[in-house]
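Have a look at the structure below before the remarks.
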Amino acid sequence: MDYYVGLDVSLRTVAVCVIDTDGRLVFERSVACEIEDILHCLRDLPKSVMQIGFEAGAMSQHLFFGLRGAGFDVVYMEARQVNAALSAMRNKTDKTDARGIAQVLRSGWYSPVYNKSREAHALRALLSSRKAVQKKCIDLANEVRGLFRIFGLRLPSRVDQGSFDERVRPLIEADDDLSHALLPLLDARAVLYRTYRELDRRVKQAASNDETCLRFMAIPGVGPIAALTFRAAVDDPSRFTSSRTVAAHFGLTPRRYQSGEMDNPGRISKAGDPDVRATLYSAANAMMMRSVASSKIKSWGLRLMRRKGRRRAVVAVARKLAVIMHRMWADGTEFRHEPLKGGHMI
C-alpha cells in the first residue's frame, strides 16, 4: 500500500498528514520544522512506498534537500495550484491544509516546481543584498531631503548617490541644530553606501567571471545585473522545453480569459519572479532608449513603439530578450547585432 504525506510548512512547525491509496487517514500531527523531527515522525512508514509533498516557500528548499537526502520521494508543489485546491475547504487551519496537500498529492493535480541549485541561490542572495542596501541608501537620502525642506533648504532634483554626502554635509555642519539631528543619519548613509559599492563590485565580478553572463552582456542594454539575475533565475536552461515558455514563466505574456463567445486577452500575467521581470524590462528600455548599437530586435521594438506606445513596446522587447537569452544559453551561441542571411538573427 502506498502512503502520501502532506506537509504544511510554517516558520517553526510543520503539520504532517499521512493518507493511504484510498484517501483514508493514517495519522496526523504537528512537529518542529526540523529534518530530524520529521524523519522521527515518519520512521514507521516504509520509504519505498511513500511520497512527501509540500508547497514551494521560504523553508521548503531546506526541507526538500534534507528529506531527499534521507531517501524519500519528495515533491515540491506549485503554490498557486495548491492554494486553489485548498480554497475549496470550509475551514483553514494548518491541520486541514496538510490534509488537503496530501489529497492533492494523491490525486496528482499539481505541477512540480524546479529546485534551483545552491549556486543559483547564492547568486540570488547576493543580488538581494545589493538591492536591499541600495534601497536603504535611497530612503535615507530622501529622508534628509524631506528634513531639509523644513528649514528652507532645497537640494537639486537630481544628486548623484556618490556625491550626495559631499553636497549635503557642508550644509548640515553650518547649522548646529541640523548637525545635532542629521549628522548621525548622514554617517549611517555613508556606511551603507560603502557597503552598497562593495556588493555592487561583487555582483559585477561574479558576472564577469561567468561565461554565460558574458555572452548575455554582449546584447545591447543587458548589463551585469540583468545577466546575473536571469542566470540565477533560470539556473538550468534544459528545464524549459521551448525558449518561448521562458517569457511566460516570468510573467511577460498576456493573460487570457476565454469562455464561450467571450475571449478577452488582458495585460501581462506578472507571474514568476518580479526581479527578473523588472531587470528584463530595464534592459529592454536601455536597448531602445540609450543604446546606440543597432540590432534587429531594437528596430522591431522602435517600429512597435510608434504603433502601440512606449510601454507596450518595451514589454514586448523584454519578452523577446528572455527568449533570445535562453536560446543563446541552450545553444551556446553568441548575439549578433546584424541580421544574418535570410533575415534571421541569433
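In the C-alpha cells, chains take letters A, B, ... by order of appearance, with residues numbered from 1 within each chain and ligands from 1 in the order shown.
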Mind dumping a table of every segment 100-165 of chain A residue within 9 Å of segment 12-23 of chain A, with the nearest atom pair and its distance in Å to one decimal, using only C-alpha atoms, sorted by chain and rising number, as CSV?
```
residue,atom,partner,partner_atom,distance
A:Gly100,CA,A:Cys17,CA,8.8
A:Ile101,CA,A:Cys17,CA,8.5
A:Ala102,CA,A:Cys17,CA,6.7
A:Gln103,CA,A:Gly23,CA,6.9
A:Arg106,CA,A:Thr21,CA,7.2
```
Fill in: Spatial neighbours of Arg169 of chain A, max dist 8 Å, only C-alpha atoms, sep filter under 4 positions, as a ChimeraX atom specification
/A:165,173,183,186
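Atom CA of Ala141 of chain A is found 7.5 Å from atom CA of Arg189 of chain A.
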Worksheet item: Looking at A:Glu55, A:Phe335, A:Ser299, A:Leu155, which one is nearest to Val222 of chain A, with distances taken over only C-alpha atoms?
Response: A:Phe335
Closest contacts (segment 253-322 of chain A/segment 115-124 of chain A, max 12 Å, only C-alpha atoms) as a tab-separated table:
```
residue	atom	partner	partner_atom	distance
A:Asp273	CA	A:Arg124	CA	11.1
A:Asp275	CA	A:Arg124	CA	9.9
A:Val276	CA	A:Arg124	CA	10.6
```
Practice prompt. Report the residues of segment 85-272 of chain A whose backbone DSSP state falls under strand (DSSP E or B), written as a list in words.
Written response: Pro112, Pro254, Arg255, Arg256, Tyr257, Gln258, Ser259, Met262, Asp263, Asn264, Pro265, Gly266, Arg267 and Ile268 of chain A
Fill in: Which of segment 141-247 of chain A DSSP labels alpha helix (DSSP H), written as JSON, numbers by chain
{"A": [141, 142, 143, 144, 145, 146, 147, 148, 149, 150, 164, 165, 166, 167, 168, 169, 170, 171, 172, 173, 176, 177, 178, 179, 180, 181, 182, 183, 184, 185, 186, 187, 188, 189, 190, 191, 192, 193, 194, 195, 196, 197, 198, 199, 200, 201, 202, 203, 204, 205, 206, 207, 208, 211, 212, 213, 214, 215, 216, 224, 225, 226, 227, 228, 229, 230, 231, 232, 233, 234, 244, 245, 246, 247]}
Discussion item. I'd like the contact shell of segment 30-38 of chain A - 12 Å cut-off, only C-alpha atoms, skipping same-chain residues fewer than 2 positions apart - returned as a count of residues only.
Written reply: 41
Would you mind listing what lies within 7 Å of segment 249-259 of chain A as an mmCIF file with N, CA, C and O atoms, in the first residue's frame, with only C-alpha atoms counted and same-chain residues fewer than 2 positions away left out?
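Here's the written file selection-v1.cif:
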```cif
data_model
loop_
_atom_site.group_PDB
_atom_site.id
_atom_site.type_symbol
_atom_site.label_atom_id
_atom_site.label_comp_id
_atom_site.auth_asym_id
_atom_site.auth_seq_id
_atom_site.Cartn_x
_atom_site.Cartn_y
_atom_site.Cartn_z
ATOM 1 N N THR A 245 8.543 29.540 -23.758
ATOM 2 C CA THR A 245 7.897 29.405 -22.451
ATOM 3 C C THR A 245 8.621 30.184 -21.360
ATOM 4 O O THR A 245 8.059 30.378 -20.276
ATOM 5 N N VAL A 246 9.848 30.638 -21.607
ATOM 6 C CA VAL A 246 10.594 31.377 -20.590
ATOM 7 C C VAL A 246 9.921 32.710 -20.299
ATOM 8 O O VAL A 246 9.774 33.116 -19.140
ATOM 9 N N ALA A 247 9.488 33.412 -21.342
ATOM 10 C CA ALA A 247 8.813 34.689 -21.153
ATOM 11 C C ALA A 247 7.513 34.517 -20.377
ATOM 12 O O ALA A 247 7.179 35.336 -19.507
ATOM 13 N N GLU A 261 -18.422 32.568 -25.991
ATOM 14 C CA GLU A 261 -18.184 33.579 -27.004
ATOM 15 C C GLU A 261 -17.271 34.691 -26.513
ATOM 16 O O GLU A 261 -16.953 35.611 -27.264
ATOM 17 N N MET A 262 -16.883 34.627 -25.252
ATOM 18 C CA MET A 262 -16.016 35.664 -24.688
ATOM 19 C C MET A 262 -14.558 35.248 -24.813
ATOM 20 O O MET A 262 -14.188 34.126 -24.465
ATOM 21 N N ASP A 263 -13.747 36.132 -25.335
ATOM 22 C CA ASP A 263 -12.313 35.894 -25.456
ATOM 23 C C ASP A 263 -11.615 37.216 -25.171
ATOM 24 O O ASP A 263 -11.575 38.102 -26.035
ATOM 25 N N ASN A 264 -11.095 37.355 -23.966
ATOM 26 C CA ASN A 264 -10.574 38.644 -23.521
ATOM 27 C C ASN A 264 -9.093 38.524 -23.158
ATOM 28 O O ASN A 264 -8.761 38.108 -22.054
ATOM 29 N N PRO A 265 -8.183 38.864 -24.077
ATOM 30 C CA PRO A 265 -6.763 38.914 -23.699
ATOM 31 C C PRO A 265 -6.495 40.161 -22.862
ATOM 32 O O PRO A 265 -6.942 41.259 -23.199
ATOM 33 N N GLY A 266 -5.812 39.985 -21.770
ATOM 34 C CA GLY A 266 -5.582 41.105 -20.862
ATOM 35 C C GLY A 266 -4.137 41.555 -20.857
ATOM 36 O O GLY A 266 -3.380 41.332 -21.812
ATOM 37 N N ARG A 267 -3.730 42.175 -19.749
ATOM 38 C CA ARG A 267 -2.357 42.615 -19.599
ATOM 39 C C ARG A 267 -1.465 41.430 -19.247
ATOM 40 O O ARG A 267 -1.938 40.310 -19.058
ATOM 41 N N ILE A 268 -0.176 41.692 -19.117
ATOM 42 C CA ILE A 268 0.736 40.602 -18.825
ATOM 43 C C ILE A 268 0.384 39.985 -17.470
ATOM 44 O O ILE A 268 -0.133 40.658 -16.570
ATOM 45 N N SER A 269 0.684 38.705 -17.305
ATOM 46 C CA SER A 269 0.257 37.964 -16.120
ATOM 47 C C SER A 269 1.022 38.354 -14.856
ATOM 48 O O SER A 269 0.520 38.192 -13.754
ATOM 49 N N LYS A 270 2.260 38.849 -15.007
ATOM 50 C CA LYS A 270 3.128 39.188 -13.867
ATOM 51 C C LYS A 270 3.333 38.001 -12.943
ATOM 52 O O LYS A 270 3.443 38.143 -11.729
ATOM 53 N N ALA A 271 3.389 36.818 -13.525
ATOM 54 C CA ALA A 271 3.688 35.614 -12.758
ATOM 55 C C ALA A 271 5.200 35.474 -12.612
ATOM 56 O O ALA A 271 5.983 36.130 -13.298
ATOM 57 N N GLY A 272 5.621 34.610 -11.710
ATOM 58 C CA GLY A 272 7.046 34.346 -11.557
ATOM 59 C C GLY A 272 7.785 35.416 -10.789
ATOM 60 O O GLY A 272 7.208 36.229 -10.075
ATOM 61 N N ASP A 273 9.100 35.426 -10.950
ATOM 62 C CA ASP A 273 9.992 36.287 -10.181
ATOM 63 C C ASP A 273 9.862 37.740 -10.649
ATOM 64 O O ASP A 273 10.188 38.062 -11.795
ATOM 65 N N VAL A 276 13.282 39.395 -11.922
ATOM 66 C CA VAL A 276 13.675 39.050 -13.292
ATOM 67 C C VAL A 276 12.882 39.880 -14.291
ATOM 68 O O VAL A 276 13.431 40.422 -15.257
ATOM 69 N N ARG A 277 11.590 39.998 -14.042
ATOM 70 C CA ARG A 277 10.746 40.786 -14.937
ATOM 71 C C ARG A 277 11.187 42.246 -14.967
ATOM 72 O O ARG A 277 11.241 42.877 -16.029
ATOM 73 N N ARG A 319 10.167 40.625 -23.515
ATOM 74 C CA ARG A 319 9.755 39.251 -23.790
ATOM 75 C C ARG A 319 10.685 38.605 -24.813
ATOM 76 O O ARG A 319 11.092 37.443 -24.672
#
```
Practice prompt. Name all residues at most 12 Å from Val144 of chain A (count only C-alpha atoms; drop same-chain ones fewer than 6 positions away) and give them as a list in words.
Written response: Cys137, Ile138, Ile150, Phe151, Leu153, Arg154, Leu155, Phe164, Asp165, Arg167, Val168, Arg169, Leu171, Ile172, Leu178, Ser179, Ala181, Leu182, Leu183, Pro184, Leu185, Leu186, Asp187, Ala188 and Arg189 of chain A
Store the residues picked out above in a file with N, CA, C and O atoms, as a compact mmCIF listing (two decimals), in the first residue's frame.
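Below is the file part.txt, written as the result:
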```
# COMPACT_ATOMS: atom_id res chain seq x y z
N CYS A 137 19.88 53.17 1.17
CA CYS A 137 20.62 54.40 0.86
C CYS A 137 19.69 55.46 0.27
O CYS A 137 19.75 56.63 0.64
N ILE A 138 18.83 55.03 -0.65
CA ILE A 138 17.89 55.97 -1.26
C ILE A 138 16.90 56.48 -0.22
O ILE A 138 16.56 57.68 -0.21
N ILE A 150 12.06 71.60 5.80
CA ILE A 150 11.51 72.27 6.99
C ILE A 150 12.31 73.53 7.30
O ILE A 150 11.77 74.54 7.77
N PHE A 151 13.61 73.48 7.01
CA PHE A 151 14.50 74.61 7.31
C PHE A 151 14.72 75.50 6.09
O PHE A 151 15.63 76.32 6.06
N LEU A 153 15.77 74.61 3.11
CA LEU A 153 16.88 74.17 2.25
C LEU A 153 16.34 73.23 1.18
O LEU A 153 15.60 72.30 1.49
N ARG A 154 16.72 73.47 -0.05
CA ARG A 154 16.25 72.65 -1.16
C ARG A 154 17.45 72.15 -1.96
O ARG A 154 18.25 72.95 -2.45
N LEU A 155 17.52 70.84 -2.08
CA LEU A 155 18.58 70.24 -2.89
C LEU A 155 18.14 70.16 -4.35
O LEU A 155 16.94 70.20 -4.64
N PHE A 164 26.40 62.60 -2.96
CA PHE A 164 25.37 63.13 -2.06
C PHE A 164 25.99 63.62 -0.75
O PHE A 164 25.64 64.70 -0.26
N ASP A 165 26.91 62.87 -0.20
CA ASP A 165 27.49 63.23 1.10
C ASP A 165 28.23 64.56 1.02
O ASP A 165 28.07 65.44 1.88
N ARG A 167 27.82 66.97 -1.04
CA ARG A 167 26.91 68.08 -1.31
C ARG A 167 26.13 68.49 -0.07
O ARG A 167 25.80 69.67 0.13
N VAL A 168 25.81 67.52 0.78
CA VAL A 168 24.91 67.76 1.91
C VAL A 168 25.66 68.09 3.20
O VAL A 168 25.21 68.94 3.99
N ARG A 169 26.79 67.47 3.43
CA ARG A 169 27.49 67.61 4.72
C ARG A 169 27.85 69.07 5.05
O ARG A 169 27.66 69.50 6.20
N LEU A 171 26.27 71.77 4.31
CA LEU A 171 25.03 72.45 4.71
C LEU A 171 24.61 72.06 6.12
O LEU A 171 24.12 72.89 6.90
N ILE A 172 24.82 70.80 6.48
CA ILE A 172 24.44 70.35 7.82
C ILE A 172 25.40 70.91 8.86
O ILE A 172 24.97 71.39 9.93
N LEU A 178 20.90 71.37 12.84
CA LEU A 178 20.96 70.32 11.83
C LEU A 178 22.06 69.32 12.11
O LEU A 178 21.89 68.11 11.93
N SER A 179 23.20 69.81 12.59
CA SER A 179 24.32 68.92 12.90
C SER A 179 23.93 67.93 13.99
O SER A 179 24.26 66.73 13.93
N ALA A 181 21.02 66.77 14.70
CA ALA A 181 19.99 65.82 14.31
C ALA A 181 20.35 64.98 13.09
O ALA A 181 20.00 63.79 13.02
N LEU A 182 21.07 65.55 12.13
CA LEU A 182 21.23 64.89 10.83
C LEU A 182 22.60 64.29 10.59
O LEU A 182 22.74 63.44 9.70
N LEU A 183 23.63 64.72 11.31
CA LEU A 183 24.95 64.13 11.06
C LEU A 183 24.99 62.63 11.31
O LEU A 183 25.59 61.88 10.53
N PRO A 184 24.38 62.11 12.40
CA PRO A 184 24.35 60.64 12.56
C PRO A 184 23.63 59.94 11.42
O PRO A 184 24.03 58.85 10.99
N LEU A 185 22.56 60.57 10.91
CA LEU A 185 21.84 59.99 9.79
C LEU A 185 22.71 59.95 8.54
O LEU A 185 22.75 58.96 7.80
N LEU A 186 23.47 61.02 8.32
CA LEU A 186 24.35 61.08 7.16
C LEU A 186 25.50 60.09 7.30
O LEU A 186 25.92 59.47 6.31
N ASP A 187 26.03 59.94 8.52
CA ASP A 187 27.09 58.96 8.74
C ASP A 187 26.61 57.54 8.48
O ASP A 187 27.33 56.71 7.91
N ALA A 188 25.37 57.25 8.91
CA ALA A 188 24.80 55.91 8.67
C ALA A 188 24.64 55.66 7.18
O ALA A 188 24.93 54.56 6.68
N ARG A 189 24.20 56.69 6.44
CA ARG A 189 24.06 56.52 5.00
C ARG A 189 25.40 56.31 4.32
O ARG A 189 25.51 55.52 3.36
```
Worksheet item: Contacts of Pro46 of chain A at 12 Å or less, counting only C-alpha atoms, minus same-chain residues fewer than 3 places along, as an NGL selection string?
Response: :A and (1-5 or 39 or 42-43 or 49-51 or 71-73)
Output file for the residues above (all heavy atoms, as a compact mmCIF listing (two decimals), in the first residue's frame):
```
# COMPACT_ATOMS: atom_id res chain seq x y z
N MET A 1 0.84 -1.20 0.00
CA MET A 1 0.00 0.00 0.00
C MET A 1 0.87 1.24 0.00
O MET A 1 1.85 1.32 0.74
CB MET A 1 -0.91 0.01 1.23
CG MET A 1 -1.81 1.23 1.32
SD MET A 1 -2.92 1.21 2.73
CE MET A 1 -4.01 -0.12 2.23
N ASP A 2 0.52 2.21 -0.85
CA ASP A 2 1.26 3.46 -0.91
C ASP A 2 0.74 4.44 0.12
O ASP A 2 -0.43 4.43 0.50
CB ASP A 2 1.13 4.08 -2.31
CG ASP A 2 1.78 3.23 -3.38
OD1 ASP A 2 2.65 2.41 -3.02
OD2 ASP A 2 1.43 3.39 -4.56
N TYR A 3 1.65 5.33 0.54
CA TYR A 3 1.29 6.37 1.51
C TYR A 3 1.66 7.72 0.92
O TYR A 3 2.68 7.88 0.24
CB TYR A 3 2.03 6.17 2.83
CG TYR A 3 1.65 4.90 3.56
CD1 TYR A 3 2.43 3.75 3.45
CD2 TYR A 3 0.51 4.84 4.35
CE1 TYR A 3 2.08 2.59 4.10
CE2 TYR A 3 0.15 3.67 5.01
CZ TYR A 3 0.94 2.55 4.88
OH TYR A 3 0.60 1.40 5.53
N TYR A 4 0.82 8.71 1.19
CA TYR A 4 1.04 10.08 0.73
C TYR A 4 1.09 10.99 1.95
O TYR A 4 0.18 10.98 2.78
CB TYR A 4 -0.07 10.51 -0.22
CG TYR A 4 -0.18 9.64 -1.45
CD1 TYR A 4 -1.04 8.54 -1.47
CD2 TYR A 4 0.59 9.90 -2.58
CE1 TYR A 4 -1.13 7.73 -2.59
CE2 TYR A 4 0.51 9.09 -3.69
CZ TYR A 4 -0.35 8.01 -3.69
OH TYR A 4 -0.44 7.20 -4.81
N VAL A 5 2.16 11.76 2.03
CA VAL A 5 2.41 12.61 3.19
C VAL A 5 2.30 14.07 2.75
O VAL A 5 3.04 14.51 1.87
CB VAL A 5 3.79 12.35 3.80
CG1 VAL A 5 4.00 13.20 5.06
CG2 VAL A 5 3.96 10.87 4.12
N LEU A 39 11.68 13.24 10.18
CA LEU A 39 12.12 11.85 9.98
C LEU A 39 11.69 10.97 11.14
O LEU A 39 11.28 9.81 10.93
CB LEU A 39 13.64 11.81 9.82
CG LEU A 39 14.23 12.49 8.57
CD1 LEU A 39 15.74 12.41 8.58
CD2 LEU A 39 13.66 11.87 7.30
N LEU A 42 8.07 10.00 10.73
CA LEU A 42 7.77 9.06 9.65
C LEU A 42 8.58 7.78 9.74
O LEU A 42 8.63 7.01 8.78
CB LEU A 42 8.06 9.74 8.30
CG LEU A 42 7.31 11.05 8.00
CD1 LEU A 42 7.79 11.64 6.69
CD2 LEU A 42 5.81 10.82 7.98
N ARG A 43 9.18 7.51 10.88
CA ARG A 43 10.11 6.39 11.00
C ARG A 43 9.45 5.03 10.80
O ARG A 43 10.11 4.07 10.36
CB ARG A 43 10.81 6.42 12.36
CG ARG A 43 9.88 6.15 13.54
CD ARG A 43 10.62 6.32 14.87
NE ARG A 43 9.78 5.95 16.00
CZ ARG A 43 8.86 6.72 16.54
NH1 ARG A 43 8.66 7.93 16.03
NH2 ARG A 43 8.13 6.30 17.56
N VAL A 49 7.43 3.15 -0.43
CA VAL A 49 6.05 3.31 -0.87
C VAL A 49 5.46 4.62 -0.35
O VAL A 49 4.26 4.75 -0.19
CB VAL A 49 5.18 2.13 -0.40
CG1 VAL A 49 5.60 0.85 -1.08
CG2 VAL A 49 5.24 1.97 1.12
N MET A 50 6.33 5.59 -0.09
CA MET A 50 5.87 6.85 0.48
C MET A 50 6.28 8.01 -0.42
O MET A 50 7.38 8.04 -0.95
CB MET A 50 6.47 7.05 1.87
CG MET A 50 5.87 8.23 2.63
SD MET A 50 6.82 8.67 4.10
CE MET A 50 7.19 7.09 4.78
N GLN A 51 5.37 8.96 -0.57
CA GLN A 51 5.66 10.17 -1.32
C GLN A 51 5.30 11.37 -0.44
O GLN A 51 4.24 11.42 0.16
CB GLN A 51 4.87 10.22 -2.62
CG GLN A 51 5.32 11.28 -3.59
CD GLN A 51 4.60 11.20 -4.92
OE1 GLN A 51 3.41 10.89 -4.98
NE2 GLN A 51 5.31 11.45 -6.01
N GLY A 71 16.48 9.80 1.57
CA GLY A 71 16.00 8.70 0.75
C GLY A 71 14.52 8.74 0.42
O GLY A 71 13.99 7.77 -0.13
N PHE A 72 13.82 9.84 0.72
CA PHE A 72 12.39 9.92 0.45
C PHE A 72 12.13 10.46 -0.96
O PHE A 72 12.94 11.20 -1.51
CB PHE A 72 11.69 10.81 1.47
CG PHE A 72 11.60 10.21 2.85
CD1 PHE A 72 12.51 10.57 3.83
CD2 PHE A 72 10.62 9.29 3.15
CE1 PHE A 72 12.44 10.02 5.10
CE2 PHE A 72 10.54 8.74 4.42
CZ PHE A 72 11.44 9.10 5.39
N ASP A 73 10.96 10.09 -1.51
CA ASP A 73 10.47 10.65 -2.77
C ASP A 73 9.74 11.94 -2.43
O ASP A 73 8.63 11.92 -1.89
CB ASP A 73 9.54 9.65 -3.46
CG ASP A 73 9.01 10.18 -4.78
OD1 ASP A 73 9.55 11.20 -5.28
OD2 ASP A 73 8.04 9.60 -5.31
```
Worksheet item: If you measure from atom CA of Gln205 of chain A to atom CA of Ala132 of chain A, what distance in Å do you get, rounded to one decimal?
Response: 18.8 Å
Practice prompt. Could you please determine the separation between atom CA of Met328 of chain A and atom CA of Leu126 of chain A in Å, to one decimal place?
Written response: 24.2 Å
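Of the listed residues A:Ser282, A:Phe148, A:Glu166, A:Arg99, the one whose atoms come nearest to Arg24 of chain A is A:Arg99, with distances taken using only C-alpha atoms.
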